[in-house]
Amino acid sequence: MRIVIAGGHGQIALRLERLLAARGDEAAGLIRKPEQADDLREAGAEPVVCDLESATLDEVAAHLRGADAAVFAAGAGPGSGASRKDTVDRAAAVLFADAAVRAGVRRHLVVSAMRADPGHQGEEVFDVYLRAKGEADAYVQAQPDLDWTILRPGLLTDDAGTGQVTLAASTGRGPIPRDDVAAVLAELLATPATAGLTLELITGEDSVSGAVRSAAEAGGEG
């Protein structure tokens, strides 16, 4: 598979790129800064300089054309203000989804956030973030030409991955190592039956493959 990842230099994206390269998939990561390119190459991914805050729809679609799947893993980051929550966490996600549709790339994964909700109230930066993520998720979910899966991890940590997770429509709050988020994303890419599901993810007792398989079966039954 060829997978194009928005936010290709992010902490989850770099982990995902290593996993994809290790299993023989081809990953390309969209990055804002050319100096980030070597980190992607070290991870086994192709760096593609493309700033989603300034790129046009046609430019992004050109980078997606020919891909088998797309992953939106970009984020404004914890140090950014409310304005970039809108331009990155909402608008860039919308642009990336539109570009996937234009490029004919149906399989579409989004790294979202637990409690993301377009109707979330409040004006603190984190409130704006949750609302922006929720609006982006709702937009993707409304696209009939995308086979989307929304992944909403709990509290992200840099602890070593355990490979033991809980993945469900609702998990309750909890932590999750970025290693395990990347592992679940890789498994979701290999499991098309998870299309149409919005899933929360925390550390748990199921293997990554078992958790994804169970989520797909539960979604199919629903």
# chains A, B, ... in the order shown; residues from 1 in each chain; ligands from 1
call {"tool": "residues_around", "arguments": {"residues": "segment 32-46 of chain A", "least_positions_apart": "6", "cutoff": "6 Å", "atoms": "only C-alpha atoms", "output": "PyMOL selection string"}}
result
chain A and resi 17-18+21
call {"tool": "write_last_selection", "arguments": {"atoms": "C-alpha atoms", "output": "tab-separated table (two decimals), in the first residue's frame"}}
result
chain	number	residue	atom	x	y	z
A	17	GLU	CA	5.94	5.64	9.17
A	18	ARG	CA	8.46	3.29	10.80
A	21	ALA	CA	8.15	0.81	6.23
call {"tool": "residues_around", "arguments": {"residues": "segment 6-13 of chain A", "least_positions_apart": "6", "cutoff": "8 Å", "atoms": "only C-alpha atoms", "output": "CSV table (one decimal) with N, CA, C and O atoms, in the first residue's frame"}}
result
chain,number,residue,atom,x,y,z
A,28,ALA,N,4.3,8.3,2.6
A,28,ALA,CA,4.8,9.6,2.2
A,28,ALA,C,4.2,10.6,3.3
A,28,ALA,O,3.0,10.5,3.6
A,29,GLY,N,5.0,11.4,3.8
A,29,GLY,CA,4.6,12.3,4.9
A,29,GLY,C,4.6,13.8,4.4
A,29,GLY,O,5.6,14.3,3.9
A,30,LEU,N,3.5,14.5,4.6
A,30,LEU,CA,3.5,15.9,4.2
A,30,LEU,C,4.1,16.7,5.4
A,30,LEU,O,3.7,16.5,6.6
A,31,ILE,N,5.0,17.6,5.1
A,31,ILE,CA,5.7,18.3,6.1
A,31,ILE,C,5.7,19.8,5.7
A,31,ILE,O,5.7,20.1,4.6
A,36,GLN,N,12.8,19.2,8.0
A,36,GLN,CA,12.2,18.0,8.6
A,36,GLN,C,12.4,16.7,7.8
A,36,GLN,O,12.1,15.6,8.2
A,39,ASP,N,14.4,13.4,8.9
A,39,ASP,CA,13.8,12.6,10.0
A,39,ASP,C,12.8,11.6,9.3
A,39,ASP,O,12.7,10.5,9.8
A,40,LEU,N,12.1,12.1,8.3
A,40,LEU,CA,11.2,11.2,7.6
A,40,LEU,C,11.9,10.1,6.8
A,40,LEU,O,11.5,8.9,6.9
A,47,PRO,N,9.6,12.2,2.2
A,47,PRO,CA,9.1,13.6,2.7
A,47,PRO,C,8.5,14.4,1.5
A,47,PRO,O,9.1,14.4,0.4
A,70,ALA,N,-5.1,7.5,3.1
A,70,ALA,CA,-4.7,8.8,3.6
A,70,ALA,C,-4.9,8.8,5.1
A,70,ALA,O,-5.9,8.3,5.6
A,71,VAL,N,-3.9,9.4,5.8
A,71,VAL,CA,-4.0,9.5,7.3
A,71,VAL,C,-3.8,11.0,7.7
A,71,VAL,O,-2.8,11.6,7.4
A,72,PHE,N,-4.8,11.6,8.4
A,72,PHE,CA,-4.7,12.9,8.9
A,72,PHE,C,-4.2,12.9,10.3
A,72,PHE,O,-4.9,12.5,11.2
A,73,ALA,N,-2.9,13.2,10.5
A,73,ALA,CA,-2.2,13.1,11.8
A,73,ALA,C,-1.6,14.5,12.2
A,73,ALA,O,-0.7,14.5,13.0
A,74,ALA,N,-2.1,15.5,11.5
A,74,ALA,CA,-1.5,16.9,11.8
A,74,ALA,C,-2.2,17.5,13.0
A,74,ALA,O,-3.3,17.1,13.3
A,75,GLY,N,-1.5,18.4,13.6
A,75,GLY,CA,-2.1,19.2,14.7
A,75,GLY,C,-1.3,20.4,14.9
A,75,GLY,O,-0.1,20.5,14.7
A,96,PHE,N,-7.7,18.4,3.6
A,96,PHE,CA,-7.1,17.0,3.3
A,96,PHE,C,-8.2,16.0,2.9
A,96,PHE,O,-8.0,15.2,2.0
A,178,ARG,N,2.0,6.8,22.6
A,178,ARG,CA,2.0,7.1,21.2
A,178,ARG,C,2.4,5.9,20.3
A,178,ARG,O,1.9,5.7,19.2
A,179,ASP,N,3.2,5.1,20.9
A,179,ASP,CA,3.6,3.9,20.2
A,179,ASP,C,2.4,3.0,19.9
A,179,ASP,O,2.3,2.5,18.7
A,181,VAL,N,-0.8,4.1,19.7
A,181,VAL,CA,-1.6,4.8,18.8
A,181,VAL,C,-1.2,4.5,17.3
A,181,VAL,O,-2.0,4.1,16.5
A,182,ALA,N,0.1,4.5,17.1
A,182,ALA,CA,0.7,4.3,15.8
A,182,ALA,C,0.4,2.8,15.4
A,182,ALA,O,0.0,2.5,14.2
call {"tool": "atom_distance", "arguments": {"atom1": "atom CA of Thr171 of chain A", "atom2": "atom CA of Glu124 of chain A"}}
result
25.2 Å
call {"tool": "select_by_dssp", "arguments": {"residues": "segment 31-141 of chain A", "states": "helix (DSSP H, G or I)", "output": "ChimeraX atom specification"}}
result
/A:34-42,57-64,82-103,125-141
call {"tool": "closest_residue", "arguments": {"among": "A:Ala216, A:Ile5, A:Val105, A:Ala132", "to": "Asp145 of chain A", "atoms": "only C-alpha atoms"}}
result
A:Val105
call {"tool": "residues_around", "arguments": {"residues": "segment 194-196 of chain A", "least_positions_apart": "2", "cutoff": "10 Å", "atoms": "only C-alpha atoms", "output": "PyMOL selection string"}}
result
chain A and resi 106-109+141+146-150+187-192+198-199+212-220
call {"tool": "residues_around", "arguments": {"residues": "Asp137 of chain A", "least_positions_apart": "5", "cutoff": "10 Å", "atoms": "only C-alpha atoms", "output": "PyMOL selection string"}}
result
chain A and resi 89-90+93-94+110-113+116-118+131-132+142+148-151+198
call {"tool": "closest_residue", "arguments": {"among": "A:Val60, A:Leu197, A:Ala99, A:Asp127", "to": "Ala82 of chain A", "atoms": "only C-alpha atoms"}}
result
A:Asp127
call {"tool": "closest_residue", "arguments": {"among": "A:Ala211, A:Leu155, A:Ala76, A:Ile202", "to": "Glu53 of chain A", "atoms": "only C-alpha atoms"}}
result
A:Ala76
call {"tool": "select_by_dssp", "arguments": {"residues": "segment 153-216 of chain A", "states": "strand (DSSP E or B)", "output": "MDAnalysis selection string"}}
result
chainID A and resid 153 155:157 164:168 175:177 197:203 206:207
call {"tool": "write_last_selection", "arguments": {"atoms": "all heavy atoms", "output": "compact mmCIF listing (two decimals), in the first residue's frame"}}
result
# COMPACT_ATOMS: atom_id res chain seq x y z
N PRO A 153 -7.74 8.96 20.51
CA PRO A 153 -6.93 8.46 21.62
C PRO A 153 -7.20 9.23 22.91
O PRO A 153 -7.61 10.38 22.90
CB PRO A 153 -5.49 8.68 21.15
CG PRO A 153 -5.58 9.08 19.71
CD PRO A 153 -6.94 9.66 19.52
N LEU A 155 -5.28 10.22 26.77
CA LEU A 155 -4.14 11.05 27.11
C LEU A 155 -2.87 10.45 26.53
O LEU A 155 -2.45 9.35 26.91
CB LEU A 155 -4.02 11.17 28.64
CG LEU A 155 -2.81 11.96 29.14
CD1 LEU A 155 -2.92 13.42 28.73
CD2 LEU A 155 -2.69 11.83 30.65
N LEU A 156 -2.23 11.17 25.61
CA LEU A 156 -1.05 10.65 24.93
C LEU A 156 0.17 10.72 25.84
O LEU A 156 0.41 11.73 26.50
CB LEU A 156 -0.80 11.46 23.65
CG LEU A 156 -1.89 11.38 22.58
CD1 LEU A 156 -1.63 12.38 21.48
CD2 LEU A 156 -1.98 9.97 22.01
N THR A 157 0.95 9.64 25.84
CA THR A 157 2.18 9.60 26.62
C THR A 157 3.32 9.12 25.74
O THR A 157 3.10 8.53 24.67
CB THR A 157 2.06 8.66 27.83
OG1 THR A 157 2.15 7.28 27.39
CG2 THR A 157 0.75 8.86 28.58
N GLN A 164 -1.07 -3.47 24.36
CA GLN A 164 -2.32 -3.88 25.01
C GLN A 164 -3.24 -2.66 25.08
O GLN A 164 -2.90 -1.66 25.72
CB GLN A 164 -2.05 -4.41 26.41
CG GLN A 164 -1.10 -5.61 26.45
CD GLN A 164 -1.69 -6.84 25.77
OE1 GLN A 164 -1.15 -7.30 24.76
NE2 GLN A 164 -2.79 -7.35 26.28
N VAL A 165 -4.39 -2.74 24.45
CA VAL A 165 -5.25 -1.57 24.30
C VAL A 165 -6.71 -1.92 24.52
O VAL A 165 -7.10 -3.09 24.51
CB VAL A 165 -5.10 -0.95 22.89
CG1 VAL A 165 -3.64 -0.57 22.61
CG2 VAL A 165 -5.62 -1.89 21.81
N THR A 166 -7.50 -0.87 24.71
CA THR A 166 -8.96 -0.96 24.64
C THR A 166 -9.40 -0.02 23.53
O THR A 166 -9.04 1.16 23.53
CB THR A 166 -9.61 -0.55 25.97
OG1 THR A 166 -9.25 -1.49 26.98
CG2 THR A 166 -11.12 -0.53 25.84
N LEU A 167 -10.15 -0.56 22.58
CA LEU A 167 -10.59 0.19 21.40
C LEU A 167 -12.08 -0.05 21.23
O LEU A 167 -12.51 -1.19 21.03
CB LEU A 167 -9.83 -0.30 20.17
CG LEU A 167 -10.16 0.35 18.83
CD1 LEU A 167 -9.66 1.79 18.78
CD2 LEU A 167 -9.54 -0.45 17.68
N ALA A 168 -12.85 1.01 21.37
CA ALA A 168 -14.31 0.86 21.31
C ALA A 168 -14.95 2.20 21.02
O ALA A 168 -14.29 3.25 21.08
CB ALA A 168 -14.84 0.30 22.63
N PRO A 175 -4.95 6.85 29.69
CA PRO A 175 -3.76 7.17 28.89
C PRO A 175 -3.55 6.16 27.77
O PRO A 175 -4.12 5.06 27.77
CB PRO A 175 -2.63 7.08 29.92
CG PRO A 175 -3.11 5.99 30.86
CD PRO A 175 -4.60 6.15 30.93
N ILE A 176 -2.69 6.53 26.83
CA ILE A 176 -2.30 5.62 25.74
C ILE A 176 -0.95 6.08 25.20
O ILE A 176 -0.79 7.25 24.84
CB ILE A 176 -3.37 5.58 24.61
CG1 ILE A 176 -2.99 4.56 23.53
CG2 ILE A 176 -3.62 6.96 24.02
CD1 ILE A 176 -3.19 3.14 23.93
N PRO A 177 0.06 5.21 25.17
CA PRO A 177 1.34 5.60 24.58
C PRO A 177 1.20 5.87 23.08
O PRO A 177 0.43 5.20 22.38
CB PRO A 177 2.23 4.37 24.83
CG PRO A 177 1.59 3.65 25.97
CD PRO A 177 0.12 3.87 25.77
N LEU A 197 -16.41 3.84 11.31
CA LEU A 197 -16.40 3.77 12.77
C LEU A 197 -15.65 4.94 13.39
O LEU A 197 -14.63 5.39 12.86
CB LEU A 197 -15.74 2.47 13.24
CG LEU A 197 -16.37 1.16 12.74
CD1 LEU A 197 -15.61 -0.03 13.32
CD2 LEU A 197 -17.85 1.09 13.11
N THR A 198 -16.17 5.43 14.51
CA THR A 198 -15.48 6.41 15.34
C THR A 198 -15.13 5.70 16.64
O THR A 198 -16.02 5.24 17.36
CB THR A 198 -16.36 7.64 15.61
OG1 THR A 198 -16.69 8.26 14.35
CG2 THR A 198 -15.65 8.64 16.49
N LEU A 199 -13.83 5.59 16.93
CA LEU A 199 -13.35 4.72 17.99
C LEU A 199 -12.48 5.46 18.99
O LEU A 199 -11.61 6.25 18.59
CB LEU A 199 -12.54 3.56 17.40
CG LEU A 199 -13.30 2.65 16.42
CD1 LEU A 199 -12.32 1.76 15.67
CD2 LEU A 199 -14.34 1.81 17.16
N GLU A 200 -12.69 5.22 20.26
CA GLU A 200 -11.81 5.73 21.30
C GLU A 200 -10.77 4.68 21.64
O GLU A 200 -11.00 3.48 21.49
CB GLU A 200 -12.64 6.11 22.54
CG GLU A 200 -13.60 7.26 22.27
CD GLU A 200 -14.36 7.71 23.52
OE1 GLU A 200 -14.26 7.03 24.56
OE2 GLU A 200 -15.05 8.74 23.44
N LEU A 201 -9.60 5.16 22.11
CA LEU A 201 -8.47 4.26 22.33
C LEU A 201 -7.75 4.63 23.62
O LEU A 201 -7.33 5.78 23.80
CB LEU A 201 -7.48 4.36 21.15
CG LEU A 201 -6.16 3.62 21.28
CD1 LEU A 201 -6.39 2.10 21.29
CD2 LEU A 201 -5.22 4.01 20.14
N ILE A 202 -7.60 3.65 24.52
CA ILE A 202 -6.80 3.80 25.73
C ILE A 202 -6.04 2.50 25.97
O ILE A 202 -6.28 1.48 25.31
CB ILE A 202 -7.66 4.14 26.97
CG1 ILE A 202 -8.71 3.03 27.21
CG2 ILE A 202 -8.33 5.50 26.83
CD1 ILE A 202 -9.49 3.20 28.51
N THR A 203 -5.12 2.53 26.90
CA THR A 203 -4.43 1.31 27.29
C THR A 203 -5.44 0.33 27.89
O THR A 203 -6.36 0.72 28.61
CB THR A 203 -3.32 1.63 28.30
OG1 THR A 203 -2.33 2.42 27.66
CG2 THR A 203 -2.68 0.37 28.86
N ASP A 206 -6.42 -5.89 25.54
CA ASP A 206 -6.53 -6.59 24.26
C ASP A 206 -5.29 -6.33 23.41
O ASP A 206 -4.72 -5.24 23.45
CB ASP A 206 -7.77 -6.13 23.49
CG ASP A 206 -9.05 -6.42 24.23
OD1 ASP A 206 -9.12 -7.44 24.93
OD2 ASP A 206 -9.99 -5.60 24.12
N SER A 207 -4.90 -7.29 22.62
CA SER A 207 -3.83 -7.05 21.65
C SER A 207 -4.33 -6.06 20.61
O SER A 207 -5.54 -5.90 20.41
CB SER A 207 -3.43 -8.35 20.97
OG SER A 207 -4.48 -8.82 20.12
call {"tool": "closest_residue", "arguments": {"among": "A:Gln121, A:Gln143, A:Ser80, A:Thr87", "to": "Ala100 of chain A", "atoms": "only C-alpha atoms"}}
result
A:Gln143
call {"tool": "decode", "arguments": {"residues": "segment 176-199 of chain A", "atoms": "N, CA, C and O atoms", "output": "mmCIF file, in the first residue's frame"}}
result
data_model
loop_
_atom_site.group_PDB
_atom_site.id
_atom_site.type_symbol
_atom_site.label_atom_id
_atom_site.label_comp_id
_atom_site.auth_asym_id
_atom_site.auth_seq_id
_atom_site.Cartn_x
_atom_site.Cartn_y
_atom_site.Cartn_z
ATOM 1 N N ILE A 176 -2.694 6.533 26.826
ATOM 2 C CA ILE A 176 -2.298 5.623 25.744
ATOM 3 C C ILE A 176 -0.946 6.082 25.204
ATOM 4 O O ILE A 176 -0.788 7.249 24.841
ATOM 5 N N PRO A 177 0.059 5.214 25.173
ATOM 6 C CA PRO A 177 1.343 5.601 24.577
ATOM 7 C C PRO A 177 1.203 5.874 23.084
ATOM 8 O O PRO A 177 0.430 5.198 22.378
ATOM 9 N N ARG A 178 1.963 6.848 22.603
ATOM 10 C CA ARG A 178 1.952 7.146 21.165
ATOM 11 C C ARG A 178 2.366 5.923 20.339
ATOM 12 O O ARG A 178 1.896 5.745 19.214
ATOM 13 N N ASP A 179 3.247 5.099 20.882
ATOM 14 C CA ASP A 179 3.636 3.859 20.185
ATOM 15 C C ASP A 179 2.402 3.028 19.854
ATOM 16 O O ASP A 179 2.279 2.489 18.739
ATOM 17 N N ASP A 180 1.503 2.905 20.825
ATOM 18 C CA ASP A 180 0.326 2.063 20.620
ATOM 19 C C ASP A 180 -0.694 2.730 19.709
ATOM 20 O O ASP A 180 -1.421 2.038 18.983
ATOM 21 N N VAL A 181 -0.766 4.059 19.713
ATOM 22 C CA VAL A 181 -1.645 4.758 18.760
ATOM 23 C C VAL A 181 -1.180 4.455 17.334
ATOM 24 O O VAL A 181 -1.991 4.120 16.456
ATOM 25 N N ALA A 182 0.122 4.547 17.104
ATOM 26 C CA ALA A 182 0.662 4.260 15.769
ATOM 27 C C ALA A 182 0.386 2.819 15.366
ATOM 28 O O ALA A 182 0.033 2.539 14.217
ATOM 29 N N ALA A 183 0.544 1.890 16.315
ATOM 30 C CA ALA A 183 0.299 0.481 16.015
ATOM 31 C C ALA A 183 -1.159 0.241 15.644
ATOM 32 O O ALA A 183 -1.464 -0.532 14.717
ATOM 33 N N VAL A 184 -2.070 0.915 16.334
ATOM 34 C CA VAL A 184 -3.491 0.767 16.012
ATOM 35 C C VAL A 184 -3.794 1.373 14.645
ATOM 36 O O VAL A 184 -4.544 0.792 13.850
ATOM 37 N N LEU A 185 -3.211 2.518 14.340
ATOM 38 C CA LEU A 185 -3.408 3.112 13.012
ATOM 39 C C LEU A 185 -2.942 2.169 11.911
ATOM 40 O O LEU A 185 -3.628 2.005 10.892
ATOM 41 N N ALA A 186 -1.785 1.560 12.100
ATOM 42 C CA ALA A 186 -1.267 0.624 11.099
ATOM 43 C C ALA A 186 -2.229 -0.543 10.911
ATOM 44 O O ALA A 186 -2.474 -1.002 9.779
ATOM 45 N N GLU A 187 -2.775 -1.022 12.011
ATOM 46 C CA GLU A 187 -3.721 -2.146 11.936
ATOM 47 C C GLU A 187 -5.033 -1.716 11.295
ATOM 48 O O GLU A 187 -5.642 -2.466 10.519
ATOM 49 N N LEU A 188 -5.497 -0.507 11.594
ATOM 50 C CA LEU A 188 -6.718 -0.006 10.962
ATOM 51 C C LEU A 188 -6.558 0.114 9.449
ATOM 52 O O LEU A 188 -7.491 -0.178 8.691
ATOM 53 N N LEU A 189 -5.367 0.540 9.014
ATOM 54 C CA LEU A 189 -5.126 0.646 7.574
ATOM 55 C C LEU A 189 -5.236 -0.713 6.891
ATOM 56 O O LEU A 189 -5.620 -0.799 5.720
ATOM 57 N N ALA A 190 -4.911 -1.763 7.624
ATOM 58 C CA ALA A 190 -4.967 -3.118 7.076
ATOM 59 C C ALA A 190 -6.327 -3.772 7.297
ATOM 60 O O ALA A 190 -6.510 -4.945 6.945
ATOM 61 N N THR A 191 -7.272 -3.012 7.875
ATOM 62 C CA THR A 191 -8.578 -3.580 8.215
ATOM 63 C C THR A 191 -9.682 -2.699 7.650
ATOM 64 O O THR A 191 -10.256 -1.855 8.360
ATOM 65 N N PRO A 192 -10.003 -2.833 6.366
ATOM 66 C CA PRO A 192 -10.996 -1.949 5.754
ATOM 67 C C PRO A 192 -12.378 -2.059 6.379
ATOM 68 O O PRO A 192 -13.187 -1.138 6.238
ATOM 69 N N ALA A 193 -12.648 -3.151 7.105
ATOM 70 C CA ALA A 193 -13.960 -3.320 7.726
ATOM 71 C C ALA A 193 -14.203 -2.339 8.862
ATOM 72 O O ALA A 193 -15.318 -2.265 9.390
ATOM 73 N N THR A 194 -13.179 -1.570 9.244
ATOM 74 C CA THR A 194 -13.383 -0.543 10.268
ATOM 75 C C THR A 194 -13.876 0.776 9.677
ATOM 76 O O THR A 194 -14.053 1.740 10.419
ATOM 77 N N ALA A 195 -14.080 0.828 8.385
ATOM 78 C CA ALA A 195 -14.607 2.055 7.769
ATOM 79 C C ALA A 195 -15.976 2.383 8.354
ATOM 80 O O ALA A 195 -16.802 1.497 8.607
ATOM 81 N N GLY A 196 -16.194 3.681 8.589
ATOM 82 C CA GLY A 196 -17.459 4.135 9.126
ATOM 83 C C GLY A 196 -17.531 4.126 10.640
ATOM 84 O O GLY A 196 -18.590 4.404 11.203
ATOM 85 N N LEU A 197 -16.408 3.844 11.313
ATOM 86 C CA LEU A 197 -16.401 3.766 12.771
ATOM 87 C C LEU A 197 -15.647 4.943 13.391
ATOM 88 O O LEU A 197 -14.627 5.385 12.864
ATOM 89 N N THR A 198 -16.168 5.432 14.507
ATOM 90 C CA THR A 198 -15.477 6.411 15.340
ATOM 91 C C THR A 198 -15.126 5.700 16.637
ATOM 92 O O THR A 198 -16.023 5.240 17.357
ATOM 93 N N LEU A 199 -13.828 5.593 16.926
ATOM 94 C CA LEU A 199 -13.351 4.720 17.994
ATOM 95 C C LEU A 199 -12.478 5.464 18.987
ATOM 96 O O LEU A 199 -11.606 6.247 18.589
#
